[in-house]
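Dumped work.cif below, it's mmCIF, N, CA and C atoms:
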data_work
loop_
_atom_site.label_atom_id
_atom_site.label_comp_id
_atom_site.auth_asym_id
_atom_site.auth_seq_id
_atom_site.Cartn_x
_atom_site.Cartn_y
_atom_site.Cartn_z
N MET P 1 6.53 -12.26 -11.49
CA MET P 1 6.03 -11.89 -10.18
C MET P 1 5.36 -13.11 -9.57
N SER P 2 5.55 -13.30 -8.28
CA SER P 2 4.97 -14.47 -7.62
C SER P 2 3.45 -14.34 -7.55
N LYS P 3 2.79 -15.47 -7.37
CA LYS P 3 1.33 -15.47 -7.24
C LYS P 3 0.91 -14.69 -6.00
N ARG P 4 1.69 -14.78 -4.93
CA ARG P 4 1.38 -14.05 -3.70
C ARG P 4 1.38 -12.55 -3.95
N LEU P 5 2.43 -12.05 -4.60
CA LEU P 5 2.51 -10.61 -4.87
C LEU P 5 1.44 -10.17 -5.86
N GLU P 6 1.13 -11.01 -6.84
CA GLU P 6 0.08 -10.68 -7.81
C GLU P 6 -1.27 -10.55 -7.10
N ARG P 7 -1.56 -11.47 -6.18
CA ARG P 7 -2.82 -11.43 -5.43
C ARG P 7 -2.90 -10.17 -4.57
N LEU P 8 -1.80 -9.82 -3.92
CA LEU P 8 -1.78 -8.63 -3.07
C LEU P 8 -1.89 -7.36 -3.90
N LYS P 9 -1.25 -7.36 -5.06
CA LYS P 9 -1.32 -6.20 -5.96
C LYS P 9 -2.75 -5.99 -6.44
N GLU P 10 -3.45 -7.06 -6.77
CA GLU P 10 -4.84 -6.96 -7.20
C GLU P 10 -5.73 -6.44 -6.06
N ALA P 11 -5.49 -6.90 -4.84
CA ALA P 11 -6.28 -6.43 -3.70
C ALA P 11 -6.07 -4.93 -3.48
N ALA P 12 -4.83 -4.48 -3.59
CA ALA P 12 -4.53 -3.05 -3.44
C ALA P 12 -5.14 -2.24 -4.57
N TYR P 13 -5.14 -2.80 -5.78
CA TYR P 13 -5.74 -2.11 -6.93
C TYR P 13 -7.24 -1.92 -6.72
N LYS P 14 -7.91 -2.95 -6.23
CA LYS P 14 -9.35 -2.84 -5.96
C LYS P 14 -9.63 -1.75 -4.92
N GLU P 15 -8.76 -1.63 -3.94
CA GLU P 15 -8.90 -0.56 -2.95
C GLU P 15 -8.68 0.80 -3.60
N ALA P 16 -7.70 0.89 -4.49
CA ALA P 16 -7.42 2.16 -5.16
C ALA P 16 -8.64 2.67 -5.92
N LEU P 17 -9.41 1.77 -6.49
CA LEU P 17 -10.60 2.16 -7.24
C LEU P 17 -11.65 2.80 -6.35
N LYS P 18 -11.55 2.64 -5.04
CA LYS P 18 -12.49 3.23 -4.08
C LYS P 18 -12.09 4.65 -3.67
N SER P 19 -10.93 5.11 -4.10
CA SER P 19 -10.46 6.45 -3.72
C SER P 19 -11.46 7.51 -4.13
N ASP P 20 -11.52 8.59 -3.35
CA ASP P 20 -12.49 9.64 -3.62
C ASP P 20 -11.87 10.89 -4.24
N GLY P 21 -10.77 10.71 -4.95
CA GLY P 21 -10.13 11.88 -5.54
C GLY P 21 -9.46 11.56 -6.86
N LYS P 22 -8.72 12.52 -7.35
CA LYS P 22 -8.02 12.40 -8.63
C LYS P 22 -6.95 11.32 -8.59
N GLN P 23 -6.17 11.29 -7.53
CA GLN P 23 -5.12 10.27 -7.36
C GLN P 23 -5.72 9.06 -6.64
N ARG P 24 -5.83 7.94 -7.34
CA ARG P 24 -6.46 6.76 -6.76
C ARG P 24 -5.39 5.77 -6.32
N HIS P 25 -5.14 5.74 -5.01
CA HIS P 25 -4.15 4.85 -4.42
C HIS P 25 -4.84 3.90 -3.45
N GLY P 26 -4.34 2.67 -3.40
CA GLY P 26 -4.83 1.68 -2.45
C GLY P 26 -3.66 1.02 -1.77
N ALA P 27 -3.88 0.61 -0.52
CA ALA P 27 -2.80 -0.04 0.25
C ALA P 27 -3.34 -1.26 0.97
N VAL P 28 -2.50 -2.28 1.06
CA VAL P 28 -2.80 -3.45 1.88
C VAL P 28 -1.64 -3.66 2.85
N ILE P 29 -1.99 -3.99 4.07
CA ILE P 29 -1.01 -4.30 5.11
C ILE P 29 -0.91 -5.82 5.16
N ILE P 30 0.31 -6.32 5.09
CA ILE P 30 0.55 -7.75 4.93
C ILE P 30 1.18 -8.33 6.18
N GLY P 31 0.64 -9.45 6.61
CA GLY P 31 1.15 -10.17 7.77
C GLY P 31 1.78 -11.48 7.37
N PRO P 32 1.97 -12.39 8.33
CA PRO P 32 2.61 -13.67 8.07
C PRO P 32 1.90 -14.46 6.97
N GLY P 33 2.69 -15.09 6.12
CA GLY P 33 2.15 -15.93 5.06
C GLY P 33 1.42 -15.16 3.98
N GLY P 34 1.58 -13.84 3.96
CA GLY P 34 0.92 -13.04 2.93
C GLY P 34 -0.52 -12.70 3.24
N CYS P 35 -0.96 -12.93 4.49
CA CYS P 35 -2.35 -12.61 4.82
C CYS P 35 -2.53 -11.08 4.89
N ILE P 36 -3.70 -10.63 4.47
CA ILE P 36 -4.01 -9.21 4.50
C ILE P 36 -4.61 -8.87 5.86
N LEU P 37 -3.93 -7.98 6.58
CA LEU P 37 -4.40 -7.57 7.90
C LEU P 37 -5.33 -6.36 7.83
N ALA P 38 -5.15 -5.51 6.82
CA ALA P 38 -6.00 -4.33 6.64
C ALA P 38 -5.78 -3.78 5.24
N LYS P 39 -6.74 -2.99 4.78
CA LYS P 39 -6.61 -2.34 3.47
C LYS P 39 -7.38 -1.04 3.50
N ALA P 40 -7.00 -0.12 2.60
CA ALA P 40 -7.66 1.19 2.54
C ALA P 40 -7.29 1.89 1.24
N SER P 41 -8.05 2.93 0.93
CA SER P 41 -7.79 3.78 -0.23
C SER P 41 -7.55 5.20 0.24
N ASN P 42 -7.08 6.05 -0.67
CA ASN P 42 -6.93 7.47 -0.35
C ASN P 42 -8.30 8.03 -0.01
N ASN P 43 -8.32 8.98 0.93
CA ASN P 43 -9.55 9.66 1.29
C ASN P 43 -9.22 11.13 1.38
N TYR P 44 -9.59 11.87 0.36
CA TYR P 44 -9.22 13.28 0.30
C TYR P 44 -10.10 14.16 1.17
N SER P 45 -11.27 13.67 1.58
CA SER P 45 -12.11 14.49 2.45
C SER P 45 -11.47 14.67 3.82
N ASN P 46 -10.67 13.71 4.26
CA ASN P 46 -9.95 13.87 5.54
C ASN P 46 -8.44 13.92 5.34
N GLU P 47 -8.01 14.07 4.08
CA GLU P 47 -6.60 14.25 3.73
C GLU P 47 -5.69 13.14 4.24
N ARG P 48 -6.15 11.91 4.16
CA ARG P 48 -5.32 10.78 4.57
C ARG P 48 -4.96 9.92 3.38
N HIS P 49 -3.69 9.56 3.33
CA HIS P 49 -3.23 8.67 2.27
C HIS P 49 -3.60 7.23 2.62
N ALA P 50 -3.65 6.40 1.60
CA ALA P 50 -4.05 5.00 1.76
C ALA P 50 -3.18 4.27 2.78
N GLU P 51 -1.88 4.54 2.76
CA GLU P 51 -0.96 3.85 3.67
C GLU P 51 -1.32 4.11 5.13
N VAL P 52 -1.56 5.37 5.45
CA VAL P 52 -1.88 5.76 6.83
C VAL P 52 -3.24 5.19 7.24
N ARG P 53 -4.21 5.28 6.34
CA ARG P 53 -5.55 4.75 6.65
C ARG P 53 -5.49 3.24 6.88
N ALA P 54 -4.73 2.52 6.05
CA ALA P 54 -4.64 1.07 6.21
C ALA P 54 -3.97 0.71 7.53
N LEU P 55 -2.90 1.41 7.87
CA LEU P 55 -2.23 1.12 9.15
C LEU P 55 -3.14 1.36 10.34
N LYS P 56 -3.99 2.36 10.26
CA LYS P 56 -4.93 2.64 11.36
C LYS P 56 -6.00 1.56 11.47
N ARG P 57 -6.21 0.82 10.40
CA ARG P 57 -7.24 -0.24 10.40
C ARG P 57 -6.73 -1.59 10.86
N VAL P 58 -5.44 -1.73 11.08
CA VAL P 58 -4.90 -3.01 11.57
C VAL P 58 -5.46 -3.23 12.98
N PRO P 59 -6.07 -4.39 13.23
CA PRO P 59 -6.59 -4.66 14.57
C PRO P 59 -5.47 -4.54 15.61
N HIS P 60 -5.83 -4.03 16.76
CA HIS P 60 -4.83 -3.79 17.82
C HIS P 60 -4.04 -5.06 18.16
N ASP P 61 -4.73 -6.19 18.22
CA ASP P 61 -4.04 -7.44 18.58
C ASP P 61 -3.20 -8.02 17.44
N ALA P 62 -3.21 -7.37 16.27
CA ALA P 62 -2.42 -7.85 15.13
C ALA P 62 -1.27 -6.91 14.78
N LYS P 63 -1.10 -5.83 15.53
CA LYS P 63 -0.07 -4.83 15.22
C LYS P 63 1.33 -5.45 15.15
N ASP P 64 1.62 -6.44 15.99
CA ASP P 64 2.94 -7.08 15.99
C ASP P 64 3.14 -8.03 14.82
N LEU P 65 2.07 -8.31 14.08
CA LEU P 65 2.15 -9.23 12.95
C LEU P 65 2.45 -8.53 11.63
N VAL P 66 2.37 -7.20 11.62
CA VAL P 66 2.58 -6.43 10.39
C VAL P 66 4.01 -6.63 9.90
N GLN P 67 4.14 -7.01 8.61
CA GLN P 67 5.46 -7.26 8.04
C GLN P 67 5.76 -6.41 6.81
N GLU P 68 4.76 -6.24 5.95
CA GLU P 68 4.97 -5.56 4.68
C GLU P 68 3.76 -4.70 4.36
N ILE P 69 3.94 -3.82 3.38
CA ILE P 69 2.83 -3.03 2.86
C ILE P 69 2.96 -2.97 1.34
N MET P 70 1.82 -2.96 0.67
CA MET P 70 1.81 -2.78 -0.78
C MET P 70 0.90 -1.61 -1.10
N VAL P 71 1.40 -0.71 -1.94
CA VAL P 71 0.66 0.48 -2.33
C VAL P 71 0.63 0.54 -3.86
N VAL P 72 -0.55 0.72 -4.43
CA VAL P 72 -0.66 0.82 -5.88
C VAL P 72 -1.52 2.02 -6.27
N ARG P 73 -1.29 2.49 -7.46
CA ARG P 73 -2.09 3.59 -8.03
C ARG P 73 -2.82 3.06 -9.25
N ALA P 74 -4.12 3.34 -9.30
CA ALA P 74 -4.95 2.95 -10.44
C ALA P 74 -5.15 4.19 -11.31
N ARG P 75 -4.57 4.17 -12.49
CA ARG P 75 -4.74 5.28 -13.42
C ARG P 75 -6.07 5.13 -14.17
N LYS P 76 -6.53 6.23 -14.74
CA LYS P 76 -7.80 6.20 -15.47
C LYS P 76 -7.73 5.33 -16.72
N ASP P 77 -6.53 5.15 -17.28
CA ASP P 77 -6.39 4.30 -18.46
C ASP P 77 -6.29 2.82 -18.09
N GLN P 78 -6.63 2.51 -16.84
CA GLN P 78 -6.65 1.14 -16.31
C GLN P 78 -5.27 0.50 -16.27
N LYS P 79 -4.25 1.33 -16.18
CA LYS P 79 -2.89 0.83 -16.02
C LYS P 79 -2.41 1.23 -14.63
N TRP P 80 -1.26 0.69 -14.26
CA TRP P 80 -0.67 1.01 -12.97
C TRP P 80 0.07 2.34 -13.07
N GLY P 81 0.03 3.10 -12.00
CA GLY P 81 0.78 4.36 -11.94
C GLY P 81 1.76 4.31 -10.79
N LEU P 82 2.68 5.25 -10.77
CA LEU P 82 3.68 5.30 -9.71
C LEU P 82 3.01 5.60 -8.36
N SER P 83 3.32 4.79 -7.37
CA SER P 83 2.70 4.93 -6.06
C SER P 83 3.71 4.76 -4.94
N LYS P 84 4.92 5.24 -5.15
CA LYS P 84 5.92 5.17 -4.09
C LYS P 84 5.48 6.08 -2.96
N PRO P 85 5.46 5.59 -1.72
CA PRO P 85 4.98 6.42 -0.61
C PRO P 85 5.75 7.73 -0.47
N CYS P 86 5.01 8.79 -0.13
CA CYS P 86 5.62 10.10 0.09
C CYS P 86 6.45 10.07 1.38
N ALA P 87 7.21 11.12 1.62
CA ALA P 87 8.08 11.18 2.81
C ALA P 87 7.29 11.03 4.10
N GLU P 88 6.13 11.66 4.18
CA GLU P 88 5.30 11.57 5.39
C GLU P 88 4.84 10.13 5.62
N CYS P 89 4.37 9.47 4.56
CA CYS P 89 3.93 8.09 4.69
C CYS P 89 5.10 7.15 4.99
N GLN P 90 6.28 7.44 4.41
CA GLN P 90 7.45 6.62 4.72
C GLN P 90 7.77 6.69 6.21
N ALA P 91 7.64 7.86 6.81
CA ALA P 91 7.91 8.00 8.25
C ALA P 91 6.92 7.19 9.06
N VAL P 92 5.65 7.20 8.67
CA VAL P 92 4.63 6.42 9.38
C VAL P 92 4.90 4.93 9.21
N ILE P 93 5.29 4.52 8.02
CA ILE P 93 5.59 3.11 7.74
C ILE P 93 6.78 2.65 8.58
N LYS P 94 7.82 3.45 8.63
CA LYS P 94 8.99 3.10 9.44
C LYS P 94 8.63 3.02 10.91
N ALA P 95 7.79 3.94 11.40
CA ALA P 95 7.38 3.94 12.80
C ALA P 95 6.58 2.68 13.14
N ALA P 96 5.91 2.11 12.15
CA ALA P 96 5.15 0.88 12.34
C ALA P 96 6.03 -0.37 12.23
N ASN P 97 7.33 -0.16 12.06
CA ASN P 97 8.32 -1.25 11.95
C ASN P 97 8.10 -2.15 10.74
N ILE P 98 7.55 -1.58 9.67
CA ILE P 98 7.40 -2.34 8.43
C ILE P 98 8.74 -2.32 7.71
N LYS P 99 9.19 -3.48 7.32
CA LYS P 99 10.51 -3.61 6.73
C LYS P 99 10.53 -3.59 5.21
N VAL P 100 9.41 -3.98 4.56
CA VAL P 100 9.37 -4.04 3.10
C VAL P 100 8.14 -3.29 2.60
N VAL P 101 8.37 -2.41 1.63
CA VAL P 101 7.30 -1.63 1.01
C VAL P 101 7.32 -1.93 -0.49
N TYR P 102 6.22 -2.50 -0.98
CA TYR P 102 6.06 -2.72 -2.43
C TYR P 102 5.18 -1.59 -2.96
N TYR P 103 5.47 -1.13 -4.16
CA TYR P 103 4.65 -0.07 -4.76
C TYR P 103 4.63 -0.24 -6.28
N SER P 104 3.52 0.21 -6.86
CA SER P 104 3.41 0.13 -8.32
C SER P 104 4.27 1.20 -8.96
N THR P 105 4.68 0.92 -10.18
CA THR P 105 5.45 1.88 -10.97
C THR P 105 4.59 2.26 -12.18
N ASN P 106 5.15 3.02 -13.09
CA ASN P 106 4.39 3.41 -14.27
C ASN P 106 4.27 2.30 -15.30
N GLY P 107 4.83 1.15 -15.00
CA GLY P 107 4.70 -0.01 -15.87
C GLY P 107 4.02 -1.11 -15.09
N ASP P 108 4.12 -2.31 -15.58
CA ASP P 108 3.53 -3.45 -14.87
C ASP P 108 4.60 -4.11 -14.01
N VAL P 109 5.35 -3.28 -13.29
CA VAL P 109 6.46 -3.75 -12.46
C VAL P 109 6.25 -3.24 -11.04
N LEU P 110 6.59 -4.05 -10.08
CA LEU P 110 6.55 -3.60 -8.69
C LEU P 110 7.92 -3.10 -8.29
N GLY P 111 7.94 -1.93 -7.69
CA GLY P 111 9.16 -1.45 -7.07
C GLY P 111 9.10 -1.85 -5.60
N TYR P 112 10.21 -1.78 -4.92
CA TYR P 112 10.18 -2.04 -3.48
C TYR P 112 11.33 -1.34 -2.81
N ASP P 113 11.10 -1.03 -1.54
CA ASP P 113 12.12 -0.47 -0.66
C ASP P 113 12.16 -1.34 0.58
N THR P 114 13.33 -1.43 1.16
CA THR P 114 13.45 -2.13 2.45
C THR P 114 13.94 -1.13 3.48
N TYR P 115 13.41 -1.23 4.66
CA TYR P 115 13.79 -0.36 5.76
C TYR P 115 14.47 -1.22 6.82
N GLU P 116 15.71 -0.91 7.06
CA GLU P 116 16.48 -1.65 8.07
C GLU P 116 16.23 -1.03 9.43
N GLU P 117 16.42 -1.84 10.46
CA GLU P 117 16.30 -1.31 11.81
C GLU P 117 17.39 -0.30 12.07
N VAL P 118 17.02 0.74 12.80
CA VAL P 118 17.95 1.81 13.09
C VAL P 118 18.60 1.56 14.44
#
Encoded form (structure tokens):
Amino acid sequence: MSKRLERLKEAAYKEALKSDGKQRHGAVIIGPGGCILAKASNNYSNERHAEVRALKRVPHDAKDLVQEIMVVRARKDQKWGLSKPCAECQAVIKAANIKVVYYSTNGDVLGYDTYEEV
């Protein structure tokens, strides 16, 4: 895994640890050069997933810079868990014109999906 992806995965993991529920997910929104434009964790008190919360935190003047998103799950055994975005989050991600989605799997491997323009 590249150093860029490792750094982004660690940032998303730290966000996941801030989750307020049983499922601890964190997301980072990635812009040009791998810069982090926004990050967030799951918030069960308002029923928002990390992906949606992070997208809402992208500054208005940076919305056109959004390129990728990374979502990870922090399990209690301090390992990575599966964090592929749900159908609702996938729709929000596609609407934001994000083309690449990285997500943690049940191992130390990143999965990814690409969304082509329709």
For this file, the PyMOL selection byres ((chain P and resi 112) around 6) selects which residues, as a count of residues only? 7
Residues within 12 Å of P:Glu47, please, as a list of chain:residue names. Count only C-alpha atoms; anything in the same chain fewer than 3 positions from it doesn't count.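 Within the cut-off, the hits are P:Ser19, P:Asp20, P:Gly21, P:Gln23, P:Ser41, P:Asn42, P:Asn43, P:Tyr44, P:Ala50, P:Glu51, P:Val52, P:Arg53.
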If you keep N, CA and C atoms, can you produce a file of those selected residues as a CSV table (one decimal), in the frame of the given file?
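File produced: selection-v8.csv:
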chain,number,residue,atom,x,y,z
P,19,SER,N,-10.9,5.1,-4.1
P,19,SER,CA,-10.5,6.4,-3.7
P,19,SER,C,-11.5,7.5,-4.1
P,20,ASP,N,-11.5,8.6,-3.4
P,20,ASP,CA,-12.5,9.6,-3.6
P,20,ASP,C,-11.9,10.9,-4.2
P,21,GLY,N,-10.8,10.7,-5.0
P,21,GLY,CA,-10.1,11.9,-5.5
P,21,GLY,C,-9.5,11.6,-6.9
P,23,GLN,N,-6.2,11.3,-7.5
P,23,GLN,CA,-5.1,10.3,-7.4
P,23,GLN,C,-5.7,9.1,-6.6
P,41,SER,N,-8.0,2.9,0.9
P,41,SER,CA,-7.8,3.8,-0.2
P,41,SER,C,-7.6,5.2,0.2
P,42,ASN,N,-7.1,6.0,-0.7
P,42,ASN,CA,-6.9,7.5,-0.4
P,42,ASN,C,-8.3,8.0,0.0
P,43,ASN,N,-8.3,9.0,0.9
P,43,ASN,CA,-9.6,9.7,1.3
P,43,ASN,C,-9.2,11.1,1.4
P,44,TYR,N,-9.6,11.9,0.4
P,44,TYR,CA,-9.2,13.3,0.3
P,44,TYR,C,-10.1,14.2,1.2
P,50,ALA,N,-3.6,6.4,1.6
P,50,ALA,CA,-4.0,5.0,1.8
P,50,ALA,C,-3.2,4.3,2.8
P,51,GLU,N,-1.9,4.5,2.8
P,51,GLU,CA,-1.0,3.8,3.7
P,51,GLU,C,-1.3,4.1,5.1
P,52,VAL,N,-1.6,5.4,5.4
P,52,VAL,CA,-1.9,5.8,6.8
P,52,VAL,C,-3.2,5.2,7.2
P,53,ARG,N,-4.2,5.3,6.3
P,53,ARG,CA,-5.6,4.8,6.6
P,53,ARG,C,-5.5,3.2,6.9
Selection result of the PyMOL selection byres ((chain P and resi 55-60) around 8) on this file, as a list in words: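 Checked against the file, the PyMOL selection byres ((chain P and resi 55-60) around 8) matches Ala27, Val28, Ile29, Leu37, Ala38, Lys39, Ala40, His49, Ala50, Glu51, Val52, Arg53, Ala54, Asp61, Ala62, Lys63 and Asp64 of chain P.
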Atomic separation - atom N of P:Lys76 relative to atom N of P:Val100, Å: 27.0 Å
P:Val72, P:Leu82, P:Ile36, P:Val66: which is nearest P:Tyr13, counting only C-alpha atoms?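 Residue with the minimum atom-to-atom distance to P:Tyr13: P:Val72.
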Tell me, as a PDB file with N, CA and C atoms, in the frame of the given file, which residues lie within 9 Å of P:Gln67, counting only C-alpha atoms; anything in the same chain fewer than 2 positions away does not count.
ATOM      1  N   ILE P  29      -1.990  -3.990   4.070  1.00  0.00           N
ATOM      2  CA  ILE P  29      -1.010  -4.300   5.110  1.00  0.00           C
ATOM      3  C   ILE P  29      -0.910  -5.820   5.160  1.00  0.00           C
ATOM      4  N   ILE P  30       0.310  -6.320   5.090  1.00  0.00           N
ATOM      5  CA  ILE P  30       0.550  -7.750   4.930  1.00  0.00           C
ATOM      6  C   ILE P  30       1.180  -8.330   6.180  1.00  0.00           C
ATOM      7  N   GLY P  31       0.640  -9.450   6.610  1.00  0.00           N
ATOM      8  CA  GLY P  31       1.150 -10.170   7.770  1.00  0.00           C
ATOM      9  C   GLY P  31       1.780 -11.480   7.370  1.00  0.00           C
ATOM     10  N   PRO P  32       1.970 -12.390   8.330  1.00  0.00           N
ATOM     11  CA  PRO P  32       2.610 -13.670   8.070  1.00  0.00           C
ATOM     12  C   PRO P  32       1.900 -14.460   6.970  1.00  0.00           C
ATOM     13  N   GLY P  34       1.580 -13.840   3.960  1.00  0.00           N
ATOM     14  CA  GLY P  34       0.920 -13.040   2.930  1.00  0.00           C
ATOM     15  C   GLY P  34      -0.520 -12.700   3.240  1.00  0.00           C
ATOM     16  N   ASP P  64       1.620  -6.440  15.990  1.00  0.00           N
ATOM     17  CA  ASP P  64       2.940  -7.080  15.990  1.00  0.00           C
ATOM     18  C   ASP P  64       3.140  -8.030  14.820  1.00  0.00           C
ATOM     19  N   LEU P  65       2.070  -8.310  14.080  1.00  0.00           N
ATOM     20  CA  LEU P  65       2.150  -9.230  12.950  1.00  0.00           C
ATOM     21  C   LEU P  65       2.450  -8.530  11.630  1.00  0.00           C
ATOM     22  N   ILE P  69       3.940  -3.820   3.380  1.00  0.00           N
ATOM     23  CA  ILE P  69       2.830  -3.030   2.860  1.00  0.00           C
ATOM     24  C   ILE P  69       2.960  -2.970   1.340  1.00  0.00           C
ATOM     25  N   ASN P  97       7.330  -0.160  12.060  1.00  0.00           N
ATOM     26  CA  ASN P  97       8.320  -1.250  11.950  1.00  0.00           C
ATOM     27  C   ASN P  97       8.100  -2.150  10.740  1.00  0.00           C
ATOM     28  N   ILE P  98       7.550  -1.580   9.670  1.00  0.00           N
ATOM     29  CA  ILE P  98       7.400  -2.340   8.430  1.00  0.00           C
ATOM     30  C   ILE P  98       8.740  -2.320   7.710  1.00  0.00           C
ATOM     31  N   LYS P  99       9.190  -3.480   7.320  1.00  0.00           N
ATOM     32  CA  LYS P  99      10.510  -3.610   6.730  1.00  0.00           C
ATOM     33  C   LYS P  99      10.530  -3.590   5.210  1.00  0.00           C
ATOM     34  N   VAL P 100       9.410  -3.980   4.560  1.00  0.00           N
ATOM     35  CA  VAL P 100       9.370  -4.040   3.100  1.00  0.00           C
ATOM     36  C   VAL P 100       8.140  -3.290   2.600  1.00  0.00           C
TER      37      VAL P 100
END
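When only C-alpha atoms are used to compute distances to P:Val109, the closest of the residues P:Lys22, P:Cys89, P:Trp80, P:Lys94 turns out to be P:Trp80.
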With distances taken over only N, CA and C atoms, which residue among P:Glu116, P:Pro85, P:Met1, P:Ala74 lies nearest P:Lys14? P:Ala74
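Here atom N of P:Gln90 stands at a distance of 14.1 Å from atom C of P:His25.
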